[in-house]
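Engineer: This is work-v8.pdb, which holds PDB, C-alpha atoms:
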ATOM      1  CA  GLY A   1       0.000   0.000   0.000  1.00  0.00           C
ATOM      2  CA  ARG A   2       2.776   2.480   0.851  1.00  0.00           C
ATOM      3  CA  VAL A   3       4.590   1.735  -2.400  1.00  0.00           C
ATOM      4  CA  ILE A   4       1.477   2.228  -4.506  1.00  0.00           C
ATOM      5  CA  GLY A   5       0.244   5.252  -2.555  1.00  0.00           C
ATOM      6  CA  ARG A   6      -3.116   6.935  -2.615  1.00  0.00           C
ATOM      7  CA  GLU A   7      -4.618   6.529  -6.104  1.00  0.00           C
ATOM      8  CA  GLY A   8      -1.239   5.202  -7.304  1.00  0.00           C
ATOM      9  CA  ARG A   9       0.656   8.479  -6.861  1.00  0.00           C
ATOM     10  CA  ASN A  10       3.766   6.903  -5.292  1.00  0.00           C
ATOM     11  CA  ILE A  11       4.145   4.154  -7.858  1.00  0.00           C
ATOM     12  CA  ARG A  12       3.686   6.665 -10.717  1.00  0.00           C
ATOM     13  CA  ALA A  13       6.251   9.023  -9.160  1.00  0.00           C
ATOM     14  CA  PHE A  14       8.686   6.129  -8.733  1.00  0.00           C
ATOM     15  CA  GLU A  15       8.242   4.968 -12.330  1.00  0.00           C
ATOM     16  CA  ARG A  16       8.753   8.532 -13.605  1.00  0.00           C
ATOM     17  CA  ALA A  17      11.881   9.052 -11.490  1.00  0.00           C
ATOM     18  CA  THR A  18      13.513   5.743 -12.425  1.00  0.00           C
ATOM     19  CA  GLY A  19      12.237   4.951 -15.922  1.00  0.00           C
ATOM     20  CA  VAL A  20      11.144   1.436 -14.959  1.00  0.00           C
ATOM     21  CA  ASP A  21       7.827  -0.359 -14.678  1.00  0.00           C
ATOM     22  CA  VAL A  22       6.886  -1.510 -11.191  1.00  0.00           C
ATOM     23  CA  LEU A  23       5.059  -4.837 -10.987  1.00  0.00           C
ATOM     24  CA  VAL A  24       3.194  -5.584  -7.780  1.00  0.00           C
ATOM     25  CA  ASP A  25       2.539  -9.312  -7.538  1.00  0.00           C
ATOM     26  CA  ASP A  26      -0.421 -10.907  -5.750  1.00  0.00           C
ATOM     27  CA  THR A  27       2.122 -12.788  -3.649  1.00  0.00           C
ATOM     28  CA  PRO A  28       2.521 -10.855  -0.389  1.00  0.00           C
ATOM     29  CA  GLY A  29       5.716  -8.844  -0.203  1.00  0.00           C
ATOM     30  CA  VAL A  30       6.749  -9.244  -3.852  1.00  0.00           C
ATOM     31  CA  ILE A  31       7.428  -6.193  -5.971  1.00  0.00           C
ATOM     32  CA  ALA A  32       9.472  -6.381  -9.186  1.00  0.00           C
ATOM     33  CA  VAL A  33      11.008  -3.698 -11.370  1.00  0.00           C
ATOM     34  CA  SER A  34      11.091  -4.205 -15.120  1.00  0.00           C
ATOM     35  CA  CYS A  35      13.287  -2.393 -17.624  1.00  0.00           C
ATOM     36  CA  PHE A  36      15.611  -3.309 -20.498  1.00  0.00           C
ATOM     37  CA  ASP A  37      18.354  -0.982 -19.188  1.00  0.00           C
ATOM     38  CA  PRO A  38      20.234  -2.947 -16.507  1.00  0.00           C
ATOM     39  CA  ILE A  39      21.580   0.173 -14.798  1.00  0.00           C
ATOM     40  CA  ARG A  40      18.158   1.810 -14.482  1.00  0.00           C
ATOM     41  CA  ARG A  41      16.853  -1.512 -13.187  1.00  0.00           C
ATOM     42  CA  ALA A  42      19.639  -1.672 -10.563  1.00  0.00           C
ATOM     43  CA  ILE A  43      19.016   1.931  -9.487  1.00  0.00           C
ATOM     44  CA  ALA A  44      15.290   1.263  -9.178  1.00  0.00           C
ATOM     45  CA  GLY A  45      15.765  -1.937  -7.184  1.00  0.00           C
ATOM     46  CA  GLU A  46      18.122  -0.315  -4.729  1.00  0.00           C
ATOM     47  CA  ALA A  47      15.991   2.830  -4.403  1.00  0.00           C
ATOM     48  CA  LEU A  48      12.867   0.763  -3.783  1.00  0.00           C
ATOM     49  CA  SER A  49      14.631  -1.250  -1.080  1.00  0.00           C
ATOM     50  CA  LYS A  50      15.791   1.949   0.627  1.00  0.00           C
ATOM     51  CA  LEU A  51      12.323   3.494   0.452  1.00  0.00           C
ATOM     52  CA  VAL A  52      10.648   0.439   1.953  1.00  0.00           C
ATOM     53  CA  ALA A  53      13.277   0.194   4.715  1.00  0.00           C
ATOM     54  CA  ASP A  54      12.941   3.918   5.457  1.00  0.00           C
ATOM     55  CA  GLY A  55       9.139   3.757   5.520  1.00  0.00           C
ATOM     56  CA  ARG A  56       8.667   7.312   4.220  1.00  0.00           C
ATOM     57  CA  VAL A  57       7.312   6.762   0.724  1.00  0.00           C
ATOM     58  CA  HIS A  58       5.995   9.888  -0.962  1.00  0.00           C
ATOM     59  CA  PRO A  59       6.861  11.636  -4.264  1.00  0.00           C
ATOM     60  CA  THR A  60       9.404  14.075  -2.791  1.00  0.00           C
ATOM     61  CA  ARG A  61      11.199  11.345  -0.830  1.00  0.00           C
ATOM     62  CA  ILE A  62      11.176   9.102  -3.903  1.00  0.00           C
ATOM     63  CA  GLU A  63      12.990  11.775  -5.931  1.00  0.00           C
ATOM     64  CA  GLU A  64      15.557  12.303  -3.146  1.00  0.00           C
ATOM     65  CA  ILE A  65      16.319   8.598  -2.759  1.00  0.00           C
ATOM     66  CA  VAL A  66      16.497   7.966  -6.520  1.00  0.00           C
ATOM     67  CA  ALA A  67      18.883  10.918  -6.986  1.00  0.00           C
ATOM     68  CA  SER A  68      21.073   9.642  -4.150  1.00  0.00           C
ATOM     69  CA  VAL A  69      21.163   6.083  -5.501  1.00  0.00           C
ATOM     70  CA  ARG A  70      21.852   7.356  -9.035  1.00  0.00           C
ATOM     71  CA  LYS A  71      24.849   9.355  -7.763  1.00  0.00           C
ATOM     72  CA  ASP A  72      26.162   6.325  -5.849  1.00  0.00           C
ATOM     73  CA  MET A  73      25.670   4.153  -8.943  1.00  0.00           C
ATOM     74  CA  GLU A  74      27.750   6.517 -11.090  1.00  0.00           C
ATOM     75  CA  GLU A  75      30.613   6.158  -8.604  1.00  0.00           C
ATOM     76  CA  ARG A  76      30.235   2.354  -8.524  1.00  0.00           C
ATOM     77  CA  ILE A  77      30.325   2.253 -12.325  1.00  0.00           C
ATOM     78  CA  ARG A  78      33.565   4.259 -12.434  1.00  0.00           C
ATOM     79  CA  LYS A  79      35.057   2.095  -9.679  1.00  0.00           C
ATOM     80  CA  ALA A  80      34.093  -1.168 -11.435  1.00  0.00           C
ATOM     81  CA  GLY A  81      35.624   0.108 -14.684  1.00  0.00           C
ATOM     82  CA  SER A  82      38.832   1.236 -12.964  1.00  0.00           C
ATOM     83  CA  GLU A  83      39.236  -2.037 -11.074  1.00  0.00           C
ATOM     84  CA  ALA A  84      38.704  -4.087 -14.232  1.00  0.00           C
ATOM     85  CA  ILE A  85      41.254  -1.996 -16.127  1.00  0.00           C
ATOM     86  CA  MET A  86      43.787  -2.502 -13.363  1.00  0.00           C
ATOM     87  CA  GLU A  87      43.107  -6.244 -13.281  1.00  0.00           C
ATOM     88  CA  ALA A  88      43.515  -6.510 -17.053  1.00  0.00           C
ATOM     89  CA  ASN A  89      46.623  -4.298 -16.880  1.00  0.00           C
ATOM     90  CA  ILE A  90      45.416  -1.840 -19.528  1.00  0.00           C
ATOM     91  CA  ARG A  91      46.874   1.668 -19.585  1.00  0.00           C
ATOM     92  CA  GLY A  92      45.913   5.021 -21.039  1.00  0.00           C
ATOM     93  CA  LEU A  93      42.166   4.635 -21.530  1.00  0.00           C
ATOM     94  CA  HIS A  94      39.956   7.705 -21.887  1.00  0.00           C
ATOM     95  CA  PRO A  95      37.677   8.291 -18.840  1.00  0.00           C
ATOM     96  CA  LYS A  96      34.594   7.729 -21.038  1.00  0.00           C
ATOM     97  CA  ILE A  97      35.934   4.296 -21.934  1.00  0.00           C
ATOM     98  CA  VAL A  98      36.557   3.529 -18.242  1.00  0.00           C
ATOM     99  CA  GLU A  99      32.934   4.475 -17.484  1.00  0.00           C
ATOM    100  CA  ALA A 100      31.565   2.394 -20.366  1.00  0.00           C
ATOM    101  CA  MET A 101      33.534  -0.640 -19.189  1.00  0.00           C
ATOM    102  CA  GLY A 102      32.139  -0.132 -15.677  1.00  0.00           C
ATOM    103  CA  LYS A 103      28.601  -0.261 -17.085  1.00  0.00           C
ATOM    104  CA  LEU A 104      29.326  -3.783 -18.338  1.00  0.00           C
ATOM    105  CA  HIS A 105      29.386  -4.909 -14.695  1.00  0.00           C
ATOM    106  CA  PHE A 106      25.570  -4.701 -14.828  1.00  0.00           C
ATOM    107  CA  ARG A 107      25.192  -6.642 -18.092  1.00  0.00           C
ATOM    108  CA  THR A 108      25.075 -10.354 -18.697  1.00  0.00           C
ATOM    109  CA  SER A 109      25.331 -12.260 -21.932  1.00  0.00           C
ATOM    110  CA  PHE A 110      24.545 -15.962 -22.082  1.00  0.00           C
ATOM    111  CA  GLY A 111      24.502 -15.997 -18.281  1.00  0.00           C
ATOM    112  CA  GLN A 112      27.974 -14.493 -17.878  1.00  0.00           C
ATOM    113  CA  ASN A 113      28.834 -11.064 -16.513  1.00  0.00           C
ATOM    114  CA  VAL A 114      30.092  -9.068 -19.525  1.00  0.00           C
ATOM    115  CA  LEU A 115      32.810  -7.232 -17.573  1.00  0.00           C
ATOM    116  CA  ARG A 116      34.254 -10.507 -16.202  1.00  0.00           C
ATOM    117  CA  HIS A 117      34.017 -11.951 -19.721  1.00  0.00           C
ATOM    118  CA  SER A 118      35.972  -8.968 -21.101  1.00  0.00           C
ATOM    119  CA  ILE A 119      38.762  -9.463 -18.565  1.00  0.00           C
ATOM    120  CA  GLU A 120      38.970 -13.184 -19.403  1.00  0.00           C
ATOM    121  CA  VAL A 121      38.987 -12.504 -23.152  1.00  0.00           C
ATOM    122  CA  ALA A 122      41.789  -9.974 -22.633  1.00  0.00           C
ATOM    123  CA  PHE A 123      44.091 -12.580 -21.136  1.00  0.00           C
ATOM    124  CA  VAL A 124      43.136 -15.371 -23.523  1.00  0.00           C
ATOM    125  CA  SER A 125      43.767 -12.977 -26.436  1.00  0.00           C
ATOM    126  CA  GLN A 126      47.199 -12.153 -25.080  1.00  0.00           C
ATOM    127  CA  ILE A 127      48.106 -15.824 -24.603  1.00  0.00           C
ATOM    128  CA  ILE A 128      47.097 -16.667 -28.178  1.00  0.00           C
ATOM    129  CA  ALA A 129      48.939 -13.648 -29.623  1.00  0.00           C
ATOM    130  CA  ASP A 130      52.086 -14.379 -27.609  1.00  0.00           C
ATOM    131  CA  GLN A 131      52.112 -18.007 -28.759  1.00  0.00           C
ATOM    132  CA  LEU A 132      51.796 -16.873 -32.373  1.00  0.00           C
ATOM    133  CA  GLY A 133      54.606 -14.338 -31.963  1.00  0.00           C
ATOM    134  CA  LEU A 134      52.233 -11.362 -32.270  1.00  0.00           C
ATOM    135  CA  ASP A 135      51.743  -8.278 -30.078  1.00  0.00           C
ATOM    136  CA  GLY A 136      50.236  -9.724 -26.885  1.00  0.00           C
ATOM    137  CA  GLU A 137      49.704  -6.324 -25.255  1.00  0.00           C
ATOM    138  CA  LEU A 138      47.698  -5.082 -28.250  1.00  0.00           C
ATOM    139  CA  ALA A 139      45.696  -8.334 -28.316  1.00  0.00           C
ATOM    140  CA  ARG A 140      44.945  -7.960 -24.582  1.00  0.00           C
ATOM    141  CA  ARG A 141      43.664  -4.404 -25.149  1.00  0.00           C
ATOM    142  CA  CYS A 142      41.475  -5.513 -28.079  1.00  0.00           C
ATOM    143  CA  GLY A 143      40.133  -8.470 -26.122  1.00  0.00           C
ATOM    144  CA  PHE A 144      39.353  -6.318 -23.121  1.00  0.00           C
ATOM    145  CA  LEU A 145      37.450  -3.739 -25.185  1.00  0.00           C
ATOM    146  CA  HIS A 146      35.774  -6.120 -27.652  1.00  0.00           C
ATOM    147  CA  ASP A 147      32.279  -5.949 -26.071  1.00  0.00           C
ATOM    148  CA  ILE A 148      32.267  -2.266 -25.080  1.00  0.00           C
ATOM    149  CA  GLY A 149      29.417  -1.643 -27.531  1.00  0.00           C
ATOM    150  CA  LYS A 150      27.151  -3.647 -25.216  1.00  0.00           C
ATOM    151  CA  ALA A 151      27.449  -0.799 -22.695  1.00  0.00           C
ATOM    152  CA  MET A 152      25.575   1.477 -25.089  1.00  0.00           C
ATOM    153  CA  SER A 153      23.503  -0.901 -27.197  1.00  0.00           C
ATOM    154  CA  GLU A 154      20.220   0.410 -25.724  1.00  0.00           C
ATOM    155  CA  GLU A 155      21.185   3.976 -26.690  1.00  0.00           C
ATOM    156  CA  THR A 156      22.521   3.349 -30.210  1.00  0.00           C
ATOM    157  CA  GLU A 157      21.265   1.333 -33.170  1.00  0.00           C
ATOM    158  CA  GLY A 158      23.449  -1.315 -34.751  1.00  0.00           C
ATOM    159  CA  PRO A 159      25.550  -4.339 -33.869  1.00  0.00           C
ATOM    160  CA  HIS A 160      27.507  -3.919 -30.632  1.00  0.00           C
ATOM    161  CA  ALA A 161      30.818  -4.523 -32.421  1.00  0.00           C
ATOM    162  CA  ILE A 162      30.259  -1.569 -34.775  1.00  0.00           C
ATOM    163  CA  VAL A 163      28.767   0.635 -32.050  1.00  0.00           C
ATOM    164  CA  GLY A 164      31.747  -0.122 -29.809  1.00  0.00           C
ATOM    165  CA  ALA A 165      34.286   0.538 -32.573  1.00  0.00           C
ATOM    166  CA  ASP A 166      32.688   3.910 -33.354  1.00  0.00           C
ATOM    167  CA  PHE A 167      32.750   4.817 -29.663  1.00  0.00           C
ATOM    168  CA  LEU A 168      36.422   3.845 -29.352  1.00  0.00           C
ATOM    169  CA  LYS A 169      37.348   5.802 -32.473  1.00  0.00           C
ATOM    170  CA  ARG A 170      35.648   8.926 -31.065  1.00  0.00           C
ATOM    171  CA  ASN A 171      37.650   8.428 -27.861  1.00  0.00           C
ATOM    172  CA  LYS A 172      41.038   8.202 -29.627  1.00  0.00           C
ATOM    173  CA  GLU A 173      41.791   4.479 -29.434  1.00  0.00           C
ATOM    174  CA  PRO A 174      44.377   3.302 -31.998  1.00  0.00           C
ATOM    175  CA  ASP A 175      43.092   2.103 -35.388  1.00  0.00           C
ATOM    176  CA  ASP A 176      44.252  -1.481 -34.697  1.00  0.00           C
ATOM    177  CA  VAL A 177      42.090  -1.612 -31.555  1.00  0.00           C
ATOM    178  CA  VAL A 178      39.090  -0.047 -33.330  1.00  0.00           C
ATOM    179  CA  ASN A 179      39.426  -2.618 -36.135  1.00  0.00           C
ATOM    180  CA  GLY A 180      39.779  -5.490 -33.668  1.00  0.00           C
ATOM    181  CA  VAL A 181      36.581  -4.496 -31.883  1.00  0.00           C
ATOM    182  CA  ALA A 182      34.665  -3.823 -35.124  1.00  0.00           C
ATOM    183  CA  SER A 183      35.639  -7.177 -36.636  1.00  0.00           C
ATOM    184  CA  HIS A 184      35.157  -9.553 -33.711  1.00  0.00           C
ATOM    185  CA  HIS A 185      31.811 -10.797 -35.076  1.00  0.00           C
ATOM    186  CA  GLY A 186      32.755 -10.573 -38.752  1.00  0.00           C
ATOM    187  CA  GLU A 187      30.797  -7.394 -39.598  1.00  0.00           C
ATOM    188  CA  VAL A 188      34.098  -5.856 -40.801  1.00  0.00           C
TER
END
Take the structure in the file and write it out as structure tokens.
Structural biologist:
Amino acid sequence: GRVIGREGRNIRAFERATGVDVLVDDTPGVIAVSCFDPIRRAIAGEALSKLVADGRVHPTRIEEIVASVRKDMEERIRKAGSEAIMEANIRGLHPKIVEAMGKLHFRTSFGQNVLRHSIEVAFVSQIIADQLGLDGELARRCGFLHDIGKAMSEETEGPHAIVGADFLKRNKEPDDVVNGVASHHGEV
């Protein structure tokens, strides 16, 4: 009842503030948030938990909590990106690339976390390149960044490999890296 509010005002305010759909199940105590954007979904879930725990659920409080959670989420995204870059031993990435990589922490593909997948691909790429006598450091960078387009696939039309390559080109990544990302599914 508190989440829905009088005549649905709280639930409508929450949906407006977060950009998600709130689903109230007939099962007691079950509320779900639905959205294709995994970051908005995470913000909404955390904000809803905080609102319920706090007990003060009204439109003004909803906006305050959502803004606070959104700010915290931005910091967590940057931190996740920075930690992954350190783990993969990649240097000299533009801050926008660091942020995009951090967003992959909230994405899954075929049941695997996309950021963890990117770190694993980085090292496997380096091992293969080193064994073939190629540039292992370049291969590690390409492998790490190969799925970066998935961080923006809801915002931009096209295959994630092409979207990611365009993003990397705009953020001054070397042509070899841009080509590696663009071609990892055979579109280029």
Engineer: Around the point (4.6, -8.1, 2.1) in the file's coordinates, collect all residues with an atom within 12 Å, using all atoms listed in the file, and return them as a list in words.
Structural biologist: Gly1, Arg2, Val3, Val24, Asp25, Asp26, Thr27, Pro28, Gly29, Val30, Ile31 and Val52 of chain A
Engineer: I need the residue set behind the PyMOL selection byres ((chain A and resi 37-45) around 9) for this file; please write it as a PDB file with C-alpha atoms, keeping the file's coordinate frame.
Structural biologist:
ATOM      1  CA  PHE A  14       8.686   6.129  -8.733  1.00  0.00           C
ATOM      2  CA  GLU A  15       8.242   4.968 -12.330  1.00  0.00           C
ATOM      3  CA  ALA A  17      11.881   9.052 -11.490  1.00  0.00           C
ATOM      4  CA  THR A  18      13.513   5.743 -12.425  1.00  0.00           C
ATOM      5  CA  GLY A  19      12.237   4.951 -15.922  1.00  0.00           C
ATOM      6  CA  VAL A  20      11.144   1.436 -14.959  1.00  0.00           C
ATOM      7  CA  ALA A  32       9.472  -6.381  -9.186  1.00  0.00           C
ATOM      8  CA  VAL A  33      11.008  -3.698 -11.370  1.00  0.00           C
ATOM      9  CA  SER A  34      11.091  -4.205 -15.120  1.00  0.00           C
ATOM     10  CA  CYS A  35      13.287  -2.393 -17.624  1.00  0.00           C
ATOM     11  CA  PHE A  36      15.611  -3.309 -20.498  1.00  0.00           C
ATOM     12  CA  GLU A  46      18.122  -0.315  -4.729  1.00  0.00           C
ATOM     13  CA  ALA A  47      15.991   2.830  -4.403  1.00  0.00           C
ATOM     14  CA  LEU A  48      12.867   0.763  -3.783  1.00  0.00           C
ATOM     15  CA  SER A  49      14.631  -1.250  -1.080  1.00  0.00           C
ATOM     16  CA  LYS A  50      15.791   1.949   0.627  1.00  0.00           C
ATOM     17  CA  VAL A  66      16.497   7.966  -6.520  1.00  0.00           C
ATOM     18  CA  VAL A  69      21.163   6.083  -5.501  1.00  0.00           C
ATOM     19  CA  ARG A  70      21.852   7.356  -9.035  1.00  0.00           C
ATOM     20  CA  MET A  73      25.670   4.153  -8.943  1.00  0.00           C
ATOM     21  CA  LYS A 103      28.601  -0.261 -17.085  1.00  0.00           C
ATOM     22  CA  PHE A 106      25.570  -4.701 -14.828  1.00  0.00           C
ATOM     23  CA  ARG A 107      25.192  -6.642 -18.092  1.00  0.00           C
ATOM     24  CA  GLU A 154      20.220   0.410 -25.724  1.00  0.00           C
TER      25      GLU A 154
END
Engineer: Would you mind telling me which residue in A:Ala53, A:Ala122, A:Val178, A:Ile62 lies nearest to Ile4 of chain A when using all atoms listed in the file?
Structural biologist: A:Ile62
Engineer: Hey, what's within 10 Å of Leu168 of chain A if we count all atoms listed in the file and toss same-chain stuff fewer than 3 positions away? As a PyMOL selection string, please?
Structural biologist: chain A and resi 93-94+96-97+145+148-149+162-165+171-175+177-179+181-182
Engineer: Just C-alpha atoms for this one: save the residues we selected as a compact mmCIF listing (two decimals), in the coordinates of the input.
Structural biologist:
# COMPACT_ATOMS: atom_id res chain seq x y z
CA LEU A 93 42.17 4.64 -21.53
CA HIS A 94 39.96 7.70 -21.89
CA LYS A 96 34.59 7.73 -21.04
CA ILE A 97 35.93 4.30 -21.93
CA LEU A 145 37.45 -3.74 -25.18
CA ILE A 148 32.27 -2.27 -25.08
CA GLY A 149 29.42 -1.64 -27.53
CA ILE A 162 30.26 -1.57 -34.78
CA VAL A 163 28.77 0.64 -32.05
CA GLY A 164 31.75 -0.12 -29.81
CA ALA A 165 34.29 0.54 -32.57
CA ASN A 171 37.65 8.43 -27.86
CA LYS A 172 41.04 8.20 -29.63
CA GLU A 173 41.79 4.48 -29.43
CA PRO A 174 44.38 3.30 -32.00
CA ASP A 175 43.09 2.10 -35.39
CA VAL A 177 42.09 -1.61 -31.56
CA VAL A 178 39.09 -0.05 -33.33
CA ASN A 179 39.43 -2.62 -36.14
CA VAL A 181 36.58 -4.50 -31.88
CA ALA A 182 34.66 -3.82 -35.12
Engineer: Can you list what the PyMOL selection byres ((chain A and resi 109-121) around 12) grabs from this structure, as a PDB file with C-alpha atoms, in the coordinates of the input?
Structural biologist:
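So result11.pdb came out as:
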ATOM      1  CA  PRO A  38      20.234  -2.947 -16.507  1.00  0.00           C
ATOM      2  CA  ILE A  77      30.325   2.253 -12.325  1.00  0.00           C
ATOM      3  CA  ALA A  80      34.093  -1.168 -11.435  1.00  0.00           C
ATOM      4  CA  GLY A  81      35.624   0.108 -14.684  1.00  0.00           C
ATOM      5  CA  SER A  82      38.832   1.236 -12.964  1.00  0.00           C
ATOM      6  CA  GLU A  83      39.236  -2.037 -11.074  1.00  0.00           C
ATOM      7  CA  ALA A  84      38.704  -4.087 -14.232  1.00  0.00           C
ATOM      8  CA  ILE A  85      41.254  -1.996 -16.127  1.00  0.00           C
ATOM      9  CA  MET A  86      43.787  -2.502 -13.363  1.00  0.00           C
ATOM     10  CA  GLU A  87      43.107  -6.244 -13.281  1.00  0.00           C
ATOM     11  CA  ALA A  88      43.515  -6.510 -17.053  1.00  0.00           C
ATOM     12  CA  ASN A  89      46.623  -4.298 -16.880  1.00  0.00           C
ATOM     13  CA  ILE A  90      45.416  -1.840 -19.528  1.00  0.00           C
ATOM     14  CA  VAL A  98      36.557   3.529 -18.242  1.00  0.00           C
ATOM     15  CA  GLU A  99      32.934   4.475 -17.484  1.00  0.00           C
ATOM     16  CA  ALA A 100      31.565   2.394 -20.366  1.00  0.00           C
ATOM     17  CA  MET A 101      33.534  -0.640 -19.189  1.00  0.00           C
ATOM     18  CA  GLY A 102      32.139  -0.132 -15.677  1.00  0.00           C
ATOM     19  CA  LYS A 103      28.601  -0.261 -17.085  1.00  0.00           C
ATOM     20  CA  LEU A 104      29.326  -3.783 -18.338  1.00  0.00           C
ATOM     21  CA  HIS A 105      29.386  -4.909 -14.695  1.00  0.00           C
ATOM     22  CA  PHE A 106      25.570  -4.701 -14.828  1.00  0.00           C
ATOM     23  CA  ARG A 107      25.192  -6.642 -18.092  1.00  0.00           C
ATOM     24  CA  THR A 108      25.075 -10.354 -18.697  1.00  0.00           C
ATOM     25  CA  ALA A 122      41.789  -9.974 -22.633  1.00  0.00           C
ATOM     26  CA  PHE A 123      44.091 -12.580 -21.136  1.00  0.00           C
ATOM     27  CA  VAL A 124      43.136 -15.371 -23.523  1.00  0.00           C
ATOM     28  CA  SER A 125      43.767 -12.977 -26.436  1.00  0.00           C
ATOM     29  CA  GLN A 126      47.199 -12.153 -25.080  1.00  0.00           C
ATOM     30  CA  ILE A 127      48.106 -15.824 -24.603  1.00  0.00           C
ATOM     31  CA  ILE A 128      47.097 -16.667 -28.178  1.00  0.00           C
ATOM     32  CA  ALA A 129      48.939 -13.648 -29.623  1.00  0.00           C
ATOM     33  CA  ALA A 139      45.696  -8.334 -28.316  1.00  0.00           C
ATOM     34  CA  ARG A 140      44.945  -7.960 -24.582  1.00  0.00           C
ATOM     35  CA  ARG A 141      43.664  -4.404 -25.149  1.00  0.00           C
ATOM     36  CA  CYS A 142      41.475  -5.513 -28.079  1.00  0.00           C
ATOM     37  CA  GLY A 143      40.133  -8.470 -26.122  1.00  0.00           C
ATOM     38  CA  PHE A 144      39.353  -6.318 -23.121  1.00  0.00           C
ATOM     39  CA  LEU A 145      37.450  -3.739 -25.185  1.00  0.00           C
ATOM     40  CA  HIS A 146      35.774  -6.120 -27.652  1.00  0.00           C
ATOM     41  CA  ASP A 147      32.279  -5.949 -26.071  1.00  0.00           C
ATOM     42  CA  ILE A 148      32.267  -2.266 -25.080  1.00  0.00           C
ATOM     43  CA  GLY A 149      29.417  -1.643 -27.531  1.00  0.00           C
ATOM     44  CA  LYS A 150      27.151  -3.647 -25.216  1.00  0.00           C
ATOM     45  CA  ALA A 151      27.449  -0.799 -22.695  1.00  0.00           C
ATOM     46  CA  VAL A 181      36.581  -4.496 -31.883  1.00  0.00           C
ATOM     47  CA  HIS A 184      35.157  -9.553 -33.711  1.00  0.00           C
TER      48      HIS A 184
END
Engineer: Which polymer residues, protein or nucleic acid, are no farther than 6 Å from (32.7, -9.7, -33.8), counting all atoms listed in the file, as a list of chain:residue names?
Structural biologist: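 In the file's frame, the residues around the point are A:Ala161, A:Ser183, A:His184, A:His185, A:Gly186.
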Engineer: State, in Å with one decimal place, the distance from atom CA of Leu23 of chain A to atom CA of Ser68 of chain A.
Structural biologist: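 Straight-line distance from atom CA of Leu23 of chain A to atom CA of Ser68 of chain A works out to 22.6 Å.
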Engineer: In Å, how far is it from atom CA of Asp21 of chain A to atom CA of Arg9 of chain A?
Structural biologist: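 Interatomic distance here is 13.8 Å.
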Engineer: Which distance in Å separates atom CA of Val57 of chain A and atom CA of Arg12 of chain A, to one decimal?
Structural biologist: 12.0 Å
Engineer: Go through A:Arg76, A:Lys71, A:Arg91, A:Arg56 and flag the residue nearest Gly5 of chain A, using all atoms listed in the file for the distances.
Structural biologist: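 So, comparing all the options, the nearest one is A:Arg56.
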Engineer: For segment 31-41 of chain A, where the input has fewer atoms than it should, I would like N, CA, C and O atoms rebuilt and written as a PDB file, keeping the file's coordinate frame.
Structural biologist:
ATOM      1  N   ILE A  31       7.502  -7.300  -5.032  1.00  0.00           N
ATOM      2  CA  ILE A  31       7.428  -6.193  -5.971  1.00  0.00           C
ATOM      3  C   ILE A  31       8.619  -6.345  -6.901  1.00  0.00           C
ATOM      4  O   ILE A  31       9.745  -6.569  -6.462  1.00  0.00           O
ATOM      5  N   ALA A  32       8.389  -6.243  -8.212  1.00  0.00           N
ATOM      6  CA  ALA A  32       9.472  -6.381  -9.186  1.00  0.00           C
ATOM      7  C   ALA A  32       9.584  -5.105 -10.004  1.00  0.00           C
ATOM      8  O   ALA A  32       8.603  -4.385 -10.201  1.00  0.00           O
ATOM      9  N   VAL A  33      10.801  -4.819 -10.457  1.00  0.00           N
ATOM     10  CA  VAL A  33      11.008  -3.698 -11.370  1.00  0.00           C
ATOM     11  C   VAL A  33      11.391  -4.284 -12.720  1.00  0.00           C
ATOM     12  O   VAL A  33      12.133  -5.257 -12.803  1.00  0.00           O
ATOM     13  N   SER A  34      10.866  -3.698 -13.780  1.00  0.00           N
ATOM     14  CA  SER A  34      11.091  -4.205 -15.120  1.00  0.00           C
ATOM     15  C   SER A  34      11.608  -3.083 -16.010  1.00  0.00           C
ATOM     16  O   SER A  34      11.040  -1.989 -16.044  1.00  0.00           O
ATOM     17  N   CYS A  35      12.693  -3.379 -16.726  1.00  0.00           N
ATOM     18  CA  CYS A  35      13.287  -2.393 -17.624  1.00  0.00           C
ATOM     19  C   CYS A  35      14.378  -3.093 -18.428  1.00  0.00           C
ATOM     20  O   CYS A  35      15.068  -3.967 -17.911  1.00  0.00           O
ATOM     21  N   PHE A  36      14.552  -2.720 -19.689  1.00  0.00           N
ATOM     22  CA  PHE A  36      15.611  -3.309 -20.498  1.00  0.00           C
ATOM     23  C   PHE A  36      16.983  -2.785 -20.104  1.00  0.00           C
ATOM     24  O   PHE A  36      17.977  -3.464 -20.293  1.00  0.00           O
ATOM     25  N   ASP A  37      17.067  -1.571 -19.567  1.00  0.00           N
ATOM     26  CA  ASP A  37      18.354  -0.982 -19.188  1.00  0.00           C
ATOM     27  C   ASP A  37      18.769  -1.529 -17.830  1.00  0.00           C
ATOM     28  O   ASP A  37      18.128  -1.266 -16.813  1.00  0.00           O
ATOM     29  N   PRO A  38      19.856  -2.308 -17.769  1.00  0.00           N
ATOM     30  CA  PRO A  38      20.234  -2.947 -16.507  1.00  0.00           C
ATOM     31  C   PRO A  38      20.658  -1.959 -15.418  1.00  0.00           C
ATOM     32  O   PRO A  38      20.483  -2.247 -14.238  1.00  0.00           O
ATOM     33  N   ILE A  39      21.168  -0.811 -15.800  1.00  0.00           N
ATOM     34  CA  ILE A  39      21.580   0.173 -14.798  1.00  0.00           C
ATOM     35  C   ILE A  39      20.367   0.852 -14.190  1.00  0.00           C
ATOM     36  O   ILE A  39      20.275   1.004 -12.971  1.00  0.00           O
ATOM     37  N   ARG A  40      19.401   1.231 -15.027  1.00  0.00           N
ATOM     38  CA  ARG A  40      18.158   1.810 -14.482  1.00  0.00           C
ATOM     39  C   ARG A  40      17.459   0.806 -13.575  1.00  0.00           C
ATOM     40  O   ARG A  40      16.909   1.161 -12.540  1.00  0.00           O
ATOM     41  N   ARG A  41      17.483  -0.460 -13.994  1.00  0.00           N
ATOM     42  CA  ARG A  41      16.853  -1.512 -13.187  1.00  0.00           C
ATOM     43  C   ARG A  41      17.556  -1.639 -11.833  1.00  0.00           C
ATOM     44  O   ARG A  41      16.908  -1.773 -10.799  1.00  0.00           O
TER      45      ARG A  41
END
